[in-house]
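Containing PDB, C-alpha atoms: data27.pdb.
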```
ATOM      1  CA  MET A   1     -15.622 -23.716  15.722
ATOM      2  CA  ASN A   2     -14.703 -23.114  19.297
ATOM      3  CA  ASP A   3     -11.786 -20.838  18.470
ATOM      4  CA  GLU A   4     -11.992 -17.294  19.834
ATOM      5  CA  ARG A   5      -9.312 -16.196  17.372
ATOM      6  CA  MET A   6     -11.907 -16.578  14.588
ATOM      7  CA  LEU A   7     -14.069 -13.726  15.867
ATOM      8  CA  LYS A   8     -11.844 -10.806  14.875
ATOM      9  CA  PRO A   9     -11.021 -11.993  11.298
ATOM     10  CA  ALA A  10     -14.643 -13.024  10.690
ATOM     11  CA  LEU A  11     -15.914  -9.701  11.975
ATOM     12  CA  ILE A  12     -13.499  -7.683   9.824
ATOM     13  CA  GLY A  13     -14.278  -9.780   6.728
ATOM     14  CA  GLY A  14     -18.018  -9.691   7.464
ATOM     15  CA  VAL A  15     -18.078  -5.925   7.857
ATOM     16  CA  LEU A  16     -16.139  -5.523   4.601
ATOM     17  CA  LEU A  17     -18.438  -7.779   2.609
ATOM     18  CA  GLY A  18     -21.619  -6.467   4.251
ATOM     19  CA  VAL A  19     -20.920  -2.772   3.783
ATOM     20  CA  LEU A  20     -19.537  -3.009   0.254
ATOM     21  CA  SER A  21     -22.360  -5.306  -0.862
ATOM     22  CA  ALA A  22     -24.981  -2.911   0.526
ATOM     23  CA  LEU A  23     -23.663   0.218  -1.196
ATOM     24  CA  PRO A  24     -25.412   0.532  -4.559
ATOM     25  CA  LEU A  25     -22.648   2.304  -6.492
ATOM     26  CA  VAL A  26     -19.821   0.162  -5.115
ATOM     27  CA  ASN A  27     -21.626  -3.142  -5.640
ATOM     28  CA  CYS A  28     -20.974  -3.179  -9.383
ATOM     29  CA  LEU A  29     -18.831  -6.295  -8.895
ATOM     30  CA  CYS A  30     -21.846  -8.238  -7.590
ATOM     31  CA  CYS A  31     -20.709 -11.010  -5.242
ATOM     32  CA  ALA A  32     -16.966 -10.371  -5.529
ATOM     33  CA  TRP A  33     -17.064  -8.478  -2.227
ATOM     34  CA  VAL A  34     -18.423 -11.548  -0.471
ATOM     35  CA  ILE A  35     -15.576 -13.704  -1.768
ATOM     36  CA  ALA A  36     -13.084 -10.938  -0.918
ATOM     37  CA  GLY A  37     -14.436 -10.794   2.638
ATOM     38  CA  GLY A  38     -13.834 -14.545   2.996
ATOM     39  CA  VAL A  39     -10.308 -14.243   1.597
ATOM     40  CA  LEU A  40      -9.526 -11.340   3.940
ATOM     41  CA  ALA A  41     -10.829 -13.268   6.958
ATOM     42  CA  ALA A  42      -8.697 -16.282   5.993
ATOM     43  CA  TYR A  43      -5.607 -14.106   5.555
ATOM     44  CA  LEU A  44      -6.047 -12.497   8.973
ATOM     45  CA  TYR A  45      -6.744 -15.848  10.629
ATOM     46  CA  VAL A  46      -3.757 -17.626   9.034
ATOM     47  CA  LYS A  47      -1.469 -14.742   9.924
ATOM     48  CA  ASP A  48      -2.387 -14.877  13.626
ATOM     49  CA  SER A  49      -2.726 -18.643  14.014
ATOM     50  CA  PRO A  50       0.105 -20.403  15.880
ATOM     51  CA  ALA A  51      -0.730 -23.734  14.226
ATOM     52  CA  PRO A  52      -1.317 -24.517  10.543
ATOM     53  CA  VAL A  53      -4.877 -23.756   9.464
ATOM     54  CA  THR A  54      -6.748 -26.623   7.843
ATOM     55  CA  LEU A  55      -9.139 -26.227   4.964
ATOM     56  CA  GLY A  56     -12.035 -27.288   7.193
ATOM     57  CA  ARG A  57     -11.211 -24.585   9.727
ATOM     58  CA  GLY A  58     -11.068 -22.062   6.874
ATOM     59  CA  VAL A  59     -14.476 -23.125   5.581
ATOM     60  CA  GLY A  60     -15.890 -22.774   9.111
ATOM     61  CA  LEU A  61     -14.387 -19.305   9.263
ATOM     62  CA  GLY A  62     -16.049 -18.488   5.942
ATOM     63  CA  LEU A  63     -19.422 -19.635   7.242
ATOM     64  CA  PHE A  64     -19.038 -17.406  10.298
ATOM     65  CA  THR A  65     -17.921 -14.519   8.066
ATOM     66  CA  GLY A  66     -20.947 -15.000   5.792
ATOM     67  CA  VAL A  67     -23.375 -14.908   8.717
ATOM     68  CA  LEU A  68     -21.791 -11.749  10.135
ATOM     69  CA  GLY A  69     -21.706 -10.211   6.652
ATOM     70  CA  THR A  70     -25.418 -10.901   6.177
ATOM     71  CA  VAL A  71     -26.210  -9.123   9.441
ATOM     72  CA  VAL A  72     -24.093  -6.108   8.445
ATOM     73  CA  PHE A  73     -25.575  -6.098   4.925
ATOM     74  CA  THR A  74     -29.091  -6.108   6.347
ATOM     75  CA  LEU A  75     -28.332  -3.327   8.825
ATOM     76  CA  PHE A  76     -26.905  -1.148   6.037
ATOM     77  CA  SER A  77     -29.510  -2.058   3.397
ATOM     78  CA  ILE A  78     -32.586  -1.058   5.387
ATOM     79  CA  PRO A  79     -31.666   2.635   5.760
ATOM     80  CA  LEU A  80     -30.391   2.772   2.181
ATOM     81  CA  TYR A  81     -33.677   1.290   0.936
ATOM     82  CA  LEU A  82     -35.699   3.776   2.957
ATOM     83  CA  LEU A  83     -33.618   6.672   1.604
ATOM     84  CA  SER A  84     -33.848   5.516  -2.017
ATOM     85  CA  ALA A  85     -37.575   4.757  -1.969
ATOM     86  CA  GLY A  86     -39.650   7.838  -2.481
ATOM     87  CA  PRO A  87     -42.126   9.028   0.112
ATOM     88  CA  GLY A  88     -45.210   6.847   0.154
ATOM     89  CA  SER A  89     -43.461   4.204  -1.927
ATOM     90  CA  SER A  90     -43.706   0.756  -0.385
ATOM     91  CA  LEU A  91     -42.454  -2.630  -1.481
ATOM     92  CA  SER A  92     -45.957  -3.715  -2.490
ATOM     93  CA  ASP A  93     -46.350  -0.581  -4.650
ATOM     94  CA  GLN A  94     -43.073  -1.372  -6.392
ATOM     95  CA  MET A  95     -44.172  -4.977  -6.945
ATOM     96  CA  LYS A  96     -47.506  -3.820  -8.418
ATOM     97  CA  GLU A  97     -45.622  -1.547 -10.810
ATOM     98  CA  SER A  98     -43.471  -4.524 -11.816
ATOM     99  CA  ILE A  99     -46.581  -6.591 -12.519
ATOM    100  CA  ASP A 100     -47.965  -3.784 -14.682
ATOM    101  CA  ARG A 101     -44.749  -3.791 -16.725
ATOM    102  CA  MET A 102     -44.904  -7.548 -17.349
ATOM    103  CA  PRO A 103     -45.686  -8.709 -20.899
ATOM    104  CA  SER A 104     -49.280  -8.611 -21.995
ATOM    105  CA  ASN A 105     -49.191 -12.290 -22.975
ATOM    106  CA  MET A 106     -49.232 -13.292 -19.295
ATOM    107  CA  PRO A 107     -52.365 -15.305 -18.490
ATOM    108  CA  PRO A 108     -54.944 -13.149 -16.692
ATOM    109  CA  GLU A 109     -55.283 -15.749 -13.928
ATOM    110  CA  THR A 110     -51.570 -15.439 -13.128
ATOM    111  CA  ARG A 111     -51.728 -11.646 -13.078
ATOM    112  CA  ARG A 112     -54.801 -11.718 -10.820
ATOM    113  CA  MET A 113     -53.157 -14.254  -8.469
ATOM    114  CA  LEU A 114     -50.034 -12.074  -8.141
ATOM    115  CA  GLU A 115     -52.107  -8.962  -7.457
ATOM    116  CA  GLU A 116     -54.136 -10.782  -4.787
ATOM    117  CA  PHE A 117     -50.989 -12.058  -3.130
ATOM    118  CA  LEU A 118     -49.470  -8.579  -2.978
ATOM    119  CA  THR A 119     -52.583  -7.068  -1.397
ATOM    120  CA  ARG A 120     -52.586  -9.630   1.442
ATOM    121  CA  GLU A 121     -51.504  -8.641   4.897
ATOM    122  CA  GLY A 122     -47.857  -9.560   5.492
ATOM    123  CA  ALA A 123     -46.775  -9.835   1.847
ATOM    124  CA  GLU A 124     -43.979  -7.328   2.401
ATOM    125  CA  VAL A 125     -42.723  -9.236   5.430
ATOM    126  CA  TYR A 126     -42.719 -12.433   3.373
ATOM    127  CA  PHE A 127     -40.542 -10.840   0.677
ATOM    128  CA  ILE A 128     -38.172  -9.347   3.244
ATOM    129  CA  VAL A 129     -37.736 -12.661   5.087
ATOM    130  CA  MET A 130     -37.266 -14.626   1.865
ATOM    131  CA  GLY A 131     -34.706 -12.071   0.665
ATOM    132  CA  LEU A 132     -32.854 -12.326   3.972
ATOM    133  CA  ILE A 133     -32.757 -16.130   3.786
ATOM    134  CA  PHE A 134     -31.566 -16.001   0.165
ATOM    135  CA  THR A 135     -28.871 -13.464   1.074
ATOM    136  CA  LEU A 136     -27.755 -15.570   4.041
ATOM    137  CA  VAL A 137     -27.353 -18.701   1.911
ATOM    138  CA  ILE A 138     -25.511 -16.929  -0.924
ATOM    139  CA  PHE A 139     -23.226 -14.957   1.399
ATOM    140  CA  CYS A 140     -22.338 -18.042   3.449
ATOM    141  CA  LEU A 141     -21.560 -20.150   0.374
ATOM    142  CA  LEU A 142     -19.440 -17.480  -1.301
ATOM    143  CA  ALA A 143     -17.613 -16.501   1.903
ATOM    144  CA  MET A 144     -16.825 -20.194   2.517
ATOM    145  CA  LEU A 145     -15.446 -20.376  -1.021
ATOM    146  CA  GLY A 146     -13.396 -17.222  -0.447
ATOM    147  CA  SER A 147     -11.967 -18.403   2.846
ATOM    148  CA  ALA A 148     -11.096 -21.818   1.392
ATOM    149  CA  VAL A 149      -9.216 -20.052  -1.406
ATOM    150  CA  GLY A 150      -7.601 -17.759   1.172
ATOM    151  CA  VAL A 151      -6.377 -20.690   3.274
ATOM    152  CA  ALA A 152      -5.018 -22.382   0.155
ATOM    153  CA  LEU A 153      -3.201 -19.178  -0.849
ATOM    154  CA  PHE A 154      -1.844 -18.007   2.483
ATOM    155  CA  GLU A 155      -1.204 -21.143   4.544
ATOM    156  CA  LYS A 156       2.320 -22.281   3.722
ATOM    157  CA  ARG A 157       2.949 -24.410   6.817
ATOM    158  CA  LYS A 158       2.489 -28.151   6.619
ATOM    159  CA  PRO A 159      -0.113 -29.759   8.883
ATOM    160  CA  GLY A 160       1.684 -31.419  11.767
ATOM    161  CA  ASN A 161       4.626 -28.997  11.622
ATOM    162  CA  SER A 162       3.586 -26.530  14.262
ATOM    163  CA  THR A 163       5.610 -23.435  15.045
ATOM    164  CA  TYR A 164       4.910 -24.111  18.718
ATOM    165  CA  GLN A 165       7.554 -26.416  20.176
ATOM    166  CA  PRO A 166       7.055 -27.148  23.854
ATOM    167  CA  THR A 167      10.239 -27.317  25.876
ATOM    168  CA  LEU A 168      10.476 -30.522  27.834
ATOM    169  CA  PRO A 169      12.664 -30.944  30.870
ATOM    170  CA  PRO A 170      15.719 -33.094  30.317
ATOM    171  CA  PRO A 171      15.284 -36.766  31.176
ATOM    172  CA  PRO A 172      16.359 -37.769  34.669
ATOM    173  CA  PRO A 173      19.787 -39.350  34.970
ATOM    174  CA  VAL A 174      19.816 -43.096  34.783
ATOM    175  CA  ASP A 175      21.198 -44.767  37.941
ATOM    176  CA  GLN A 176      23.262 -47.896  37.311
TER     177      GLN A 176
END
```
Please go through the file and, once you have read it, give me the structure as structure tokens.
Amino acid sequence: MNDERMLKPALIGGVLLGVLSALPLVNCLCCAWVIAGGVLAAYLYVKDSPAPVTLGRGVGLGLFTGVLGTVVFTLFSIPLYLLSAGPGSSLSDQMKESIDRMPSNMPPETRRMLEEFLTREGAEVYFIVMGLIFTLVIFCLLAMLGSAVGVALFEKRKPGNSTYQPTLPPPPPVDQ
């Protein structure tokens, strides 16, 4: 993935999928924005590529798009989370409320174990890191799928038939 031409399409697709996935009201289509970001990146890359784009190159582009999209999603999600959470409301408080709403037929040992885990130091960091890793994996997989579909849709040139034709000097005259 040593191609500098991948940066611009991956960045545009990553910003699209990251921002639209982070907005709560717009994200009603779930992971469709991630696939759309991969398709957009593939379209932009195929359009600007002088040589036919292979499926493998498109999947690499999707991986790059998914990583950039995860970074953008995280950067947009943190302020949105802080704005939506009420004052004094932390992640551990929300998790404790969720445990209280769980069915009463849950074994008391399980409930006690969950409560102890949430009161430990660093429990919030654990959930944030695990959520980031989960988001990274899902975004990369779906963006790779989207860019593979995008390459299949938009690449009409045959591999081996490049639009670049080098001009060679004419052969030297043959002396007899």
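Reported to one decimal place, the separation of atom CA of Ser147 of chain A from atom CA of Gly131 of chain A is 23.7 Å.
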- Query: Written as a VMD selection string, which residues does the PyMOL selection byres ((chain A and resi 20) around 12) give for the file shown?
  - Reply: chain A and resid 13 to 19 21 to 37 69 to 70 72 to 74 76 to 77
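Nearest residue to Ala42 of chain A among A:Val137, A:Ile78, A:Met95, A:Leu11 is A:Leu11, counting all atoms listed in the file.
For the pair atom CA of Arg112 of chain A and atom CA of Ile128 of chain A, the interatomic distance is 21.9 Å.
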- Task: Considering all atoms listed in the file, return as a PyMOL selection string whatever protein or nucleic-acid residues lie within 12 Å of Gly60 of chain A, sequence-local ones (same chain, fewer than 6 positions apart) excluded.
- Result: chain A and resi 1-3+6-7+10+38+41-42+45+53-54+66-67+140-141+143-148+151
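Take atom CA of Leu55 of chain A and atom CA of Leu136 of chain A: the distance between them is 21.5 Å.
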- Message: From the options A:Pro103, A:Pro169, A:Gly122, A:Pro52, which residue's atoms come nearest to Phe154 of chain A, counting only C-alpha atoms?
- Response: A:Pro52
8 Å per side around segment 105-116 of chain A: axis-aligned box centre and edge lengths, as lines of an AutoDock Vina configuration file:
```
center_x = -52.2
center_y = -12.4
center_z = -13.9
size_x = 22.1
size_y = 22.8
size_z = 34.2
```
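Proximity to Leu118 of chain A was assessed for A:Lys8, A:Lys158, A:Arg57, A:Lys96 counting only C-alpha atoms; the smallest distance is recorded for A:Lys96.
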From the coordinates I just gave you, please extract segment 61-78 of chain A so that only N, CA and C atoms remain, then output it as a short mmCIF file (atom, residue, chain, number, x, y, z; two decimals), in the first residue's frame.
```
data_model
loop_
_atom_site.label_atom_id
_atom_site.label_comp_id
_atom_site.auth_asym_id
_atom_site.auth_seq_id
_atom_site.Cartn_x
_atom_site.Cartn_y
_atom_site.Cartn_z
N LEU A 61 -7.28 -0.20 0.11
CA LEU A 61 -7.83 1.14 0.24
C LEU A 61 -8.95 1.15 1.28
N GLY A 62 -9.79 0.12 1.27
CA GLY A 62 -10.87 0.04 2.26
C GLY A 62 -10.35 -0.10 3.68
N LEU A 63 -9.27 -0.86 3.85
CA LEU A 63 -8.67 -0.99 5.18
C LEU A 63 -8.17 0.37 5.67
N PHE A 64 -7.49 1.09 4.80
CA PHE A 64 -6.98 2.41 5.14
C PHE A 64 -8.14 3.36 5.44
N THR A 65 -9.20 3.29 4.66
CA THR A 65 -10.38 4.12 4.87
C THR A 65 -11.03 3.80 6.21
N GLY A 66 -11.12 2.51 6.56
CA GLY A 66 -11.71 2.12 7.84
C GLY A 66 -10.91 2.62 9.03
N VAL A 67 -9.59 2.58 8.93
CA VAL A 67 -8.75 3.08 10.03
C VAL A 67 -8.94 4.59 10.19
N LEU A 68 -8.90 5.32 9.08
CA LEU A 68 -9.11 6.77 9.15
C LEU A 68 -10.51 7.10 9.64
N GLY A 69 -11.50 6.33 9.20
CA GLY A 69 -12.87 6.54 9.65
C GLY A 69 -13.05 6.30 11.13
N THR A 70 -12.33 5.31 11.68
CA THR A 70 -12.40 5.05 13.11
C THR A 70 -11.83 6.22 13.91
N VAL A 71 -10.74 6.78 13.42
CA VAL A 71 -10.14 7.94 14.10
C VAL A 71 -11.11 9.12 14.08
N VAL A 72 -11.70 9.39 12.92
CA VAL A 72 -12.66 10.50 12.82
C VAL A 72 -13.88 10.24 13.68
N PHE A 73 -14.39 9.01 13.65
CA PHE A 73 -15.55 8.64 14.48
C PHE A 73 -15.25 8.87 15.96
N THR A 74 -14.09 8.46 16.39
CA THR A 74 -13.72 8.63 17.80
C THR A 74 -13.61 10.11 18.16
N LEU A 75 -12.98 10.90 17.28
CA LEU A 75 -12.83 12.32 17.56
C LEU A 75 -14.17 13.05 17.61
N PHE A 76 -15.15 12.60 16.84
CA PHE A 76 -16.47 13.22 16.86
C PHE A 76 -17.34 12.65 17.98
N SER A 77 -17.16 11.39 18.34
CA SER A 77 -18.01 10.75 19.34
C SER A 77 -17.75 11.25 20.75
N ILE A 78 -16.50 11.54 21.07
CA ILE A 78 -16.17 11.96 22.44
C ILE A 78 -16.90 13.25 22.81
#
```
